[in-house]
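Undergrad: Please read through the structure below; I'll follow up with questions.
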Amino acid sequence: MSAIDKIQVLDSIEKEVILCLQSAGQALLELSKEKTSQKATETHTNQFLKSLNSVESKLSEQINYLTQVSTGQPHEGSGYAAAKVLQMAWHRIQHVKSRIKELEECKLKYTQAATRLQTNQQRVGAPGPGQGGAASTAGVML
């Protein structure tokens, strides 16, 4: 049951309370007349009692629902568990993003260091990766 449905139920309870009060008022009005109609008085009284029972049962349902919600017991209309799962997933995503950023920074530092090393080796004339060290020294010895 959604929040809108719950509000509509409360609205119907409010209308029932109004009907209950109107029935009680009509019954009292009938009793205040000098010449009362027993049938009209009984009709209004019965309508009052019927409305009162309806209000009582509907309010009891709402109170029971609120008791379940307030005690933390799972219930059909709760969105708390889903919201908590979503929040935890959001935190995990943020952690993964920060970890990926750290790894990218490490990769960038490593590639920059490797590039500097290759540049320094080329300036000095040292053999780079894949170049035979013996072949270059053999040419110098001759």
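Naming works like this for the structure tokens: A, B, ... for the chains as they're shown, residue 1 at the start of each chain, ligands 1 onward in shown order.
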Got a sec: who's within 8 Å of A:Thr41, counting only C-alpha atoms, leaving out chain neighbours fewer than 3 positions off, as a list in words?
TA: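 Once the nearby chain positions are removed, what remains is Gln26, Ala27, Leu28, Glu30, Leu31, Thr36, Ser37, Gln38, His44 and Thr45 of chain A.
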Undergrad: Save out the residues we just selected, N, CA and C atoms, as a CSV table (one decimal), in the first residue's frame.
TA:
chain,number,residue,atom,x,y,z
A,26,GLN,N,-28.0,14.6,14.9
A,26,GLN,CA,-29.4,14.5,14.5
A,26,GLN,C,-30.3,13.7,15.6
A,27,ALA,N,-29.6,12.7,16.2
A,27,ALA,CA,-30.3,12.0,17.2
A,27,ALA,C,-30.6,12.9,18.4
A,28,LEU,N,-29.6,13.7,18.8
A,28,LEU,CA,-29.8,14.6,19.9
A,28,LEU,C,-30.9,15.7,19.6
A,30,GLU,N,-33.3,15.3,17.6
A,30,GLU,CA,-34.7,14.6,17.6
A,30,GLU,C,-35.1,14.5,19.0
A,31,LEU,N,-34.2,14.2,19.9
A,31,LEU,CA,-34.6,14.0,21.4
A,31,LEU,C,-34.9,15.3,22.0
A,36,THR,N,-41.1,13.9,20.0
A,36,THR,CA,-40.0,13.1,19.4
A,36,THR,C,-40.6,11.9,18.6
A,37,SER,N,-39.9,11.6,17.6
A,37,SER,CA,-40.2,10.4,16.8
A,37,SER,C,-39.2,9.3,17.2
A,38,GLN,N,-39.8,8.3,17.8
A,38,GLN,CA,-38.9,7.2,18.3
A,38,GLN,C,-38.2,6.5,17.1
A,44,HIS,N,-31.2,7.4,13.7
A,44,HIS,CA,-30.0,8.2,13.9
A,44,HIS,C,-29.1,7.5,14.9
A,45,THR,N,-29.6,7.0,15.9
A,45,THR,CA,-28.8,6.3,16.9
A,45,THR,C,-28.1,5.1,16.3
Undergrad: Got a sec: who's within 8 Å of stretch 10-21 of chain A, counting only C-alpha atoms, leaving out chain neighbours fewer than 4 positions off, as a PyMOL selection string?
TA: chain A and resi 6+25+47-49+51-52+54-55+58-59
Undergrad: Rounded to one decimal, what separation in Å do you get between atom CA of A:Ala81 and atom CA of A:Gln68?
TA: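 Computing it gives 14.4 Å between the two atoms.
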